[in-house]
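**Student:** Got a structure for you, written out below as structure tokens; questions coming shortly.
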Amino acid sequence: MHAAVQHVAAISGQIVGYLKDLVRMPTVNPPGDHYEDICLYAMERLRQMDCDVAPVHVPQTYENDLYPFGKGYPRMSLVGRYRKSRNERPGLHMSGHYDVVPAGVTWTRDPFQPEEEDGRLYGLGTSDMKGGIASIIGVVQALHETNTTLRNGLTFSFTPDEETGGLAGMGYLVQQGLIKADFGIITEPSQPHFVRLGHRGVLWVEVVTRGKTAHASMPYRGINAFKKLVRVAHGLEDLERELEGKITAAPVMAEQEKHPTICIGSVVHGGVKTNVVPDECSMMLDRRLIPEETVQEAFNEIRSVVEMLQRQDPEMQVELKQHLGIEAASITADSLISPTVAACHAQIHGRSPAIAIAPGFNDTHYMIRELGIPSLTYGPGTTGTAHTPNEYIVIEDLTKTTQVLVQVALTLLS
């Protein structure tokens with residue numbers, strides 16, 4: 001075992017410490033709190049590890065196009081390079097997003113005060129995916145402190161806004177030509193024992209129904225926009241059942257992920273007062289696409305449901321607004337990065353990982369679809385704890401995954 005891989009065990013406590021510090025910074029998106037704080041924290045540490053590191057600020061003039069939900073909150077990424085990688089080839093790029101979703105109200109712990117218990121570290125973002133960022137820092141530290149030189153380039157980035165599509169994060173870095181690599185790894189959670197070759201697509205649609213206000217004591221004088229919204233929801237339930245007939249040929253983690261899905265009413269708004277008939281209501285839809293589908297096809301299916309209801313009800317006024325559309329993206333199982341990561345995982349864990357596509361979208365599509373860089377997701381943490389109350393990461397996973405990533409860097413870049 002290479003000295004750098006062995007050294008990860010010696011610095012595991014420091015890697016856990018980095019993760020605790022990252023969790024304490026509430027980088028909640030939306031709107032995008034403390035983004036600069038977390039970038040400056042990582043930049044300070046990586047500059048001590050023989051890295052060139054630079055912040056990348058998104059100009060405020062891009063607010064409307066890239067992050068309209070976070071106006072007034074600056075967007076900042078961090079891009080760096082390990083100096084002892086000689087750049088004979090562009091090499092390997094590792095990346096992680098530092099934004100987290102809002103905690104919600106069902107946590108029984110403080111989401112921003114990390115706690116260790118029974119081999120786990122609890123805190124918002126421990127798995128998704130500040131653990132992956134801590135792991136990248138650990139990779140660089142292990143290489144630096146063992147004075148390891150690499151023939152090809154090792155670069156990294158920490159980005160915002162992945163949880164809302166990544167347009168001002170990885171998307172902006174790609175647009176500006178700041179990512180150059182032969183291979184890419186997004187250190188999203190992939191334990192226990194998975195290598196993810198890409199992800200399903202996603203479509204976010206807002207459904208807005210409109211009616212006419214009236215006094216609630218005389219509802220017959222109005223048009224109830226909520227009732228119209230409920231009819232749309234029932235129509236979409238029929239579509240949901242139809243989606244079960246679609247099956248992907250791509251490898252998946254769970255049987256249910258063979259099919260497209262739709263989450264109806266993930267956010268719902270409407271009405272102005274208890275005694276007023278609501279004249280406008282809205283709900284969000286989250287539609288996940290198998291690789292055989294396109295965003296436009298999925299949108300057309302939703303629109304067809306609405307058009308059918310409108311033919312049945314002349315008073316049905318509905319507007320569909322697309323908020324996000326990301327096509328599925330993946331590489332083949334025999335692309336060099338995939339068997340390399342799988343072999344390194346087996347070397348550290350003593351067992352081979354499963355190969356699958358991720359159920360949720362992530363930043364790999366920017367590198368795969370926009371840049372043509374073979375990229376996958378592999379990192380510490382479990383998808384099952386992401387976006388859930390009392391999120392945690394298994395500390396041993398954090399250490400072993402960092403060892404795997406060091407071995408991957410040595411294999412691809414030496």
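Naming scheme: A, B, ... for chains in displayed order of the structure tokens; residues 1 onward per chain; ligands 1 onward as shown.
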With only C-alpha atoms as the counted atoms, please give the residues lying no more than 8 Å from Lys71 in chain A, apart from itself and same-chain residues fewer than 5 positions off, as an MDAnalysis selection string.
**Tutor:** chainID A and resid 31 63:64
**Student:** Please identify which residues in range 122-272 of chain A DSSP calls strand (DSSP E or B) from the backbone, and express them as an MDAnalysis selection string.
**Tutor:** chainID A and resid 122 150 154:159 183:186 194:199 201:210 212 215 223 252 261:270
**Student:** Residues as selected, N, CA and C atoms, written as a CSV table (one decimal), in the first residue's frame, can you do that?
**Tutor:**
```
chain,number,residue,atom,x,y,z
A,122,TYR,N,-23.2,13.1,13.0
A,122,TYR,CA,-24.5,13.7,12.6
A,122,TYR,C,-24.3,15.2,12.3
A,150,LEU,N,3.0,13.6,-8.7
A,150,LEU,CA,2.2,13.0,-9.7
A,150,LEU,C,2.6,13.5,-11.1
A,154,LEU,N,-3.7,17.0,-11.0
A,154,LEU,CA,-4.8,16.8,-10.1
A,154,LEU,C,-5.4,18.1,-9.7
A,155,THR,N,-6.6,18.4,-10.1
A,155,THR,CA,-7.3,19.6,-9.8
A,155,THR,C,-8.6,19.3,-9.1
A,156,PHE,N,-9.1,20.4,-8.5
A,156,PHE,CA,-10.4,20.2,-7.7
A,156,PHE,C,-11.2,21.5,-7.7
A,157,SER,N,-12.4,21.3,-7.4
A,157,SER,CA,-13.3,22.5,-7.2
A,157,SER,C,-14.4,22.3,-6.2
A,158,PHE,N,-14.7,23.3,-5.5
A,158,PHE,CA,-15.8,23.3,-4.5
A,158,PHE,C,-16.9,24.3,-5.0
A,159,THR,N,-18.1,23.9,-5.2
A,159,THR,CA,-19.1,24.8,-5.9
A,159,THR,C,-20.4,24.9,-5.1
A,183,PHE,N,-10.5,13.0,-16.7
A,183,PHE,CA,-11.5,12.2,-16.0
A,183,PHE,C,-12.0,13.1,-14.9
A,184,GLY,N,-13.2,12.8,-14.4
A,184,GLY,CA,-13.8,13.6,-13.3
A,184,GLY,C,-14.5,12.7,-12.3
A,185,ILE,N,-14.4,13.1,-11.0
A,185,ILE,CA,-15.1,12.4,-10.0
A,185,ILE,C,-15.8,13.5,-9.1
A,186,ILE,N,-17.1,13.3,-9.0
A,186,ILE,CA,-17.9,14.1,-8.1
A,186,ILE,C,-18.1,13.3,-6.8
A,194,PHE,N,-20.9,1.5,-3.9
A,194,PHE,CA,-21.4,1.8,-5.2
A,194,PHE,C,-20.4,2.7,-6.0
A,195,VAL,N,-20.4,2.5,-7.2
A,195,VAL,CA,-19.8,3.4,-8.2
A,195,VAL,C,-20.9,3.8,-9.1
A,196,ARG,N,-21.1,5.2,-9.2
A,196,ARG,CA,-22.3,5.6,-10.0
A,196,ARG,C,-21.8,6.3,-11.3
A,197,LEU,N,-22.3,5.7,-12.4
A,197,LEU,CA,-21.8,6.1,-13.7
A,197,LEU,C,-22.5,7.4,-14.3
A,198,GLY,N,-23.4,7.9,-13.5
A,198,GLY,CA,-24.1,9.1,-14.0
A,198,GLY,C,-25.4,9.2,-13.2
A,199,HIS,N,-26.4,9.8,-13.8
A,199,HIS,CA,-27.7,10.0,-13.0
A,199,HIS,C,-28.9,10.1,-13.9
A,201,GLY,N,-32.4,12.0,-15.2
A,201,GLY,CA,-32.7,13.4,-15.5
A,201,GLY,C,-33.7,13.9,-14.5
A,202,VAL,N,-34.0,15.2,-14.6
A,202,VAL,CA,-34.9,15.8,-13.7
A,202,VAL,C,-35.6,17.0,-14.4
A,203,LEU,N,-36.9,17.1,-14.0
A,203,LEU,CA,-37.7,18.2,-14.5
A,203,LEU,C,-38.5,18.8,-13.3
A,204,TRP,N,-38.4,20.1,-13.1
A,204,TRP,CA,-39.2,20.8,-12.1
A,204,TRP,C,-40.2,21.7,-12.8
A,205,VAL,N,-41.4,21.5,-12.5
A,205,VAL,CA,-42.5,22.3,-13.1
A,205,VAL,C,-43.4,22.8,-12.0
A,206,GLU,N,-43.7,24.1,-12.1
A,206,GLU,CA,-44.7,24.7,-11.3
A,206,GLU,C,-46.1,24.8,-12.0
A,207,VAL,N,-47.1,24.3,-11.3
A,207,VAL,CA,-48.5,24.3,-11.9
A,207,VAL,C,-49.3,25.4,-11.2
A,208,VAL,N,-49.8,26.3,-11.9
A,208,VAL,CA,-50.5,27.4,-11.3
A,208,VAL,C,-51.9,27.4,-11.9
A,209,THR,N,-52.9,27.3,-11.0
A,209,THR,CA,-54.3,27.3,-11.3
A,209,THR,C,-54.9,28.7,-10.9
A,210,ARG,N,-55.8,29.2,-11.7
A,210,ARG,CA,-56.4,30.5,-11.4
A,210,ARG,C,-57.9,30.4,-11.4
A,212,LYS,N,-61.5,32.8,-9.3
A,212,LYS,CA,-62.1,34.1,-9.0
A,212,LYS,C,-62.5,34.1,-7.6
A,215,HIS,N,-66.7,35.8,-1.5
A,215,HIS,CA,-66.8,35.6,-0.1
A,215,HIS,C,-67.1,34.1,0.2
A,223,ILE,N,-64.7,31.1,-8.3
A,223,ILE,CA,-64.1,29.9,-9.0
A,223,ILE,C,-62.9,29.5,-8.1
A,252,VAL,N,-29.4,0.2,-12.0
A,252,VAL,CA,-29.9,1.0,-11.0
A,252,VAL,C,-29.6,0.4,-9.6
A,261,THR,N,-40.3,8.6,-12.1
A,261,THR,CA,-41.1,9.0,-11.0
A,261,THR,C,-41.6,10.4,-11.1
A,262,ILE,N,-42.7,10.7,-10.3
A,262,ILE,CA,-43.1,12.1,-10.2
A,262,ILE,C,-43.6,12.3,-8.8
A,263,CYS,N,-43.1,13.4,-8.2
A,263,CYS,CA,-43.5,13.8,-6.8
A,263,CYS,C,-44.4,15.0,-7.0
A,264,ILE,N,-45.7,14.8,-6.7
A,264,ILE,CA,-46.7,15.8,-6.9
A,264,ILE,C,-46.9,16.6,-5.6
A,265,GLY,N,-46.9,17.9,-5.8
A,265,GLY,CA,-47.1,18.8,-4.7
A,265,GLY,C,-46.0,18.9,-3.7
A,266,SER,N,-44.8,18.9,-4.1
A,266,SER,CA,-43.6,19.0,-3.2
A,266,SER,C,-43.6,20.3,-2.5
A,267,VAL,N,-44.1,21.4,-3.2
A,267,VAL,CA,-44.4,22.7,-2.5
A,267,VAL,C,-45.7,23.1,-3.0
A,268,VAL,N,-46.6,23.6,-2.1
A,268,VAL,CA,-47.9,24.1,-2.4
A,268,VAL,C,-48.2,25.4,-1.8
A,269,HIS,N,-48.8,26.3,-2.6
A,269,HIS,CA,-49.1,27.7,-2.1
A,269,HIS,C,-50.5,28.0,-2.6
A,270,GLY,N,-51.2,28.9,-1.9
A,270,GLY,CA,-52.5,29.3,-2.4
A,270,GLY,C,-53.4,30.0,-1.4
```
**Student:** Using only C-alpha atoms, what table do you get, as a Markdown table, when you list each residue of range 67-141 of chain A with an atom no more than 10 Å from range 349-367 of chain A, its nearest pair of atoms, and their distance in Å rounded to one decimal, rows by chain then rising number?
**Tutor:**
```
| residue | atom | partner | partner_atom | distance |
| --- | --- | --- | --- | --- |
| A:His93 | CA | A:Met367 | CA | 10.0 |
| A:Ser95 | CA | A:Asp363 | CA | 8.7 |
| A:Gly96 | CA | A:Asp363 | CA | 8.5 |
| A:His97 | CA | A:Asp363 | CA | 8.4 |
```
**Student:** Could you save those same residues with C-alpha atoms as a PDB file, in the first residue's frame?
**Tutor:**
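The new file part21.pdb reads:
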```pdb
ATOM      1  CA  HIS A  93     -10.639  16.673 -11.512  1.00  0.00           C
ATOM      2  CA  SER A  95     -15.378  18.269  -7.236  1.00  0.00           C
ATOM      3  CA  GLY A  96     -17.959  18.692  -4.511  1.00  0.00           C
ATOM      4  CA  HIS A  97     -20.819  21.067  -3.801  1.00  0.00           C
TER       5      HIS A  97
END
```
**Student:** May I have all residues of range 45-267 of chain A that DSSP, computed from the backbone, assigns to helix (DSSP H, G or I), given as an MDAnalysis selection string?
**Tutor:** chainID A and resid 45:47 60:66 68:70 126:145 162:164 170:175 219:221 225:243 255:258
**Student:** Set the distance at 10 Å and use only C-alpha atoms: which residues neighbour range 399-402 of chain A once local chain neighbours fewer than 6 positions away are removed? I'd like the list as a PyMOL selection string.
**Tutor:** chain A and resi 5+8-13+15-16+131-132+134-140+142+187+189-191+193+344-345+348-349+378-381+408
**Student:** Based on the selection just made, write C-alpha atoms of those residues as a PDB file, in the first residue's frame.
**Tutor:**
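What follows is the written file part-v8.pdb:
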```pdb
ATOM      1  CA  VAL A   5      -2.918   5.764   1.200  1.00  0.00           C
ATOM      2  CA  VAL A   8      -5.000   8.795   5.411  1.00  0.00           C
ATOM      3  CA  ALA A   9      -5.534   6.672   8.522  1.00  0.00           C
ATOM      4  CA  ALA A  10      -3.047   8.823  10.430  1.00  0.00           C
ATOM      5  CA  ILE A  11      -4.881  12.047   9.546  1.00  0.00           C
ATOM      6  CA  SER A  12      -8.433  10.663   9.792  1.00  0.00           C
ATOM      7  CA  GLY A  13      -9.112  12.717  12.892  1.00  0.00           C
ATOM      8  CA  ILE A  15     -10.433  14.947   8.107  1.00  0.00           C
ATOM      9  CA  VAL A  16     -13.329  14.496  10.528  1.00  0.00           C
ATOM     10  CA  GLY A 131     -18.197  14.691   3.635  1.00  0.00           C
ATOM     11  CA  GLY A 132     -17.099  14.557   0.000  1.00  0.00           C
ATOM     12  CA  ALA A 134     -13.609  16.889   3.492  1.00  0.00           C
ATOM     13  CA  SER A 135     -12.495  13.769   1.639  1.00  0.00           C
ATOM     14  CA  ILE A 136     -10.990  15.811  -1.216  1.00  0.00           C
ATOM     15  CA  ILE A 137      -9.089  17.939   1.298  1.00  0.00           C
ATOM     16  CA  GLY A 138      -7.904  14.687   2.891  1.00  0.00           C
ATOM     17  CA  VAL A 139      -6.676  13.380  -0.463  1.00  0.00           C
ATOM     18  CA  VAL A 140      -4.590  16.496  -1.039  1.00  0.00           C
ATOM     19  CA  ALA A 142      -2.196  12.822   2.305  1.00  0.00           C
ATOM     20  CA  THR A 187     -17.577  13.011  -4.490  1.00  0.00           C
ATOM     21  CA  PRO A 189     -22.262   9.982  -1.321  1.00  0.00           C
ATOM     22  CA  SER A 190     -22.042   6.492  -2.827  1.00  0.00           C
ATOM     23  CA  GLN A 191     -21.632   4.121   0.100  1.00  0.00           C
ATOM     24  CA  HIS A 193     -20.157  -0.045  -2.097  1.00  0.00           C
ATOM     25  CA  CYS A 344      -9.340   0.745  -6.015  1.00  0.00           C
ATOM     26  CA  HIS A 345     -12.508   0.317  -3.949  1.00  0.00           C
ATOM     27  CA  ILE A 348      -9.331  -0.967   0.171  1.00  0.00           C
ATOM     28  CA  HIS A 349     -12.630  -2.643   1.119  1.00  0.00           C
ATOM     29  CA  TYR A 378     -17.957   8.259  -5.829  1.00  0.00           C
ATOM     30  CA  GLY A 379     -17.653   9.591  -2.307  1.00  0.00           C
ATOM     31  CA  PRO A 380     -18.272   9.018   1.407  1.00  0.00           C
ATOM     32  CA  GLY A 381     -21.757   8.924   2.890  1.00  0.00           C
ATOM     33  CA  VAL A 408      -7.418   6.384  -7.736  1.00  0.00           C
TER      34      VAL A 408
END
```
**Student:** What are the closest atom pairs, with distances in Å to one decimal, for all residues of range 288-350 of chain A lying within 12 Å of range 235-242 of chain A? Consider only C-alpha atoms, order rows by chain and residue number, and present the result as a tab-separated table.
**Tutor:**
```
residue	atom	partner	partner_atom	distance
A:Arg288	CA	A:Glu240	CA	11.1
A:Ala298	CA	A:Leu239	CA	10.6
A:Phe299	CA	A:Leu239	CA	11.9
A:Asn300	CA	A:Leu239	CA	11.7
A:Glu301	CA	A:Leu239	CA	7.9
A:Ile302	CA	A:Leu236	CA	7.3
A:Arg303	CA	A:Leu236	CA	10.1
A:Ser304	CA	A:Leu239	CA	9.9
A:Val305	CA	A:Gly235	CA	6.3
A:Val306	CA	A:Gly235	CA	7.9
A:Glu307	CA	A:Gly235	CA	10.6
A:Met308	CA	A:Gly235	CA	9.0
A:Leu309	CA	A:Gly235	CA	7.8
A:Gln310	CA	A:Gly235	CA	11.3
A:Gln312	CA	A:Gly235	CA	11.8
```
**Student:** Using only C-alpha atoms, can you tell me which of A:Pro114, A:Pro251, A:Gly80, A:Pro389 comes closest to Arg47 in chain A?
**Tutor:**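 Selected residue with least distance to Arg47 in chain A: A:Gly80.
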**Student:** Write out as a PyMOL selection string which residues come within 10 Å of Pro74 in chain A when counting only C-alpha atoms, dropping same-chain ones fewer than 5 positions away.
**Tutor:** chain A and resi 31-36+57-60+63+67+168
**Student:** May I ask which of the residues A:Thr213, A:Thr126, A:Ser77, A:Thr294 is the closest one to Met43 in chain A, counting only C-alpha atoms?
**Tutor:**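 Ranking A:Thr213, A:Thr126, A:Ser77, A:Thr294 by distance to Met43 in chain A, first place goes to A:Ser77.
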**Student:** Name the closest residue to Val406 in chain A among the candidates A:Thr340, A:Gln48, A:Val100, A:Pro374; distances are taken between atoms, counting only C-alpha atoms.
**Tutor:**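 Ranking A:Thr340, A:Gln48, A:Val100, A:Pro374 by distance to Val406 in chain A, first place goes to A:Thr340.
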**Student:** May I ask for the distance between CA of Pro219 in chain A and CA of His234 in chain A, given in Å to one decimal place?
**Tutor:** 22.1 Å
**Student:** I want to know what sits within 12 Å of Glu255 in chain A, based on only C-alpha atoms, with residues of the same chain fewer than 5 positions away left out; could you give that as a list in words?
**Tutor:** Glu244, Ile247, Thr248, Ala249, Ala250, Pro260, Ala356 and Pro359 of chain A
**Student:** Would you export the selected residues with C-alpha atoms as a PDB file, in the first residue's frame, please?
**Tutor:**
```
ATOM      1  CA  GLU A 244     -44.546   2.434 -13.975  1.00  0.00           C
ATOM      2  CA  ILE A 247     -38.362   0.592 -17.623  1.00  0.00           C
ATOM      3  CA  THR A 248     -34.737   1.650 -18.102  1.00  0.00           C
ATOM      4  CA  ALA A 249     -32.002  -0.638 -19.375  1.00  0.00           C
ATOM      5  CA  ALA A 250     -29.430   1.228 -17.254  1.00  0.00           C
ATOM      6  CA  PRO A 260     -39.533   7.281 -13.956  1.00  0.00           C
ATOM      7  CA  ALA A 356     -25.306   1.885 -11.141  1.00  0.00           C
ATOM      8  CA  PRO A 359     -31.436   8.294  -8.698  1.00  0.00           C
TER       9      PRO A 359
END
```
**Student:** What does the distance from CA of Asp110 in chain A to CA of Leu22 in chain A come to in Å, to one decimal?
**Tutor:**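 If I compute the distance from CA of Asp110 in chain A to CA of Leu22 in chain A, I get 14.3 Å.
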**Student:** Pick from A:Asp161, A:Val174, A:Arg83, A:Thr274: nearest to Ile368 in chain A, with only C-alpha atoms counted?
**Tutor:**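 Nearest to Ile368 in chain A: A:Val174.
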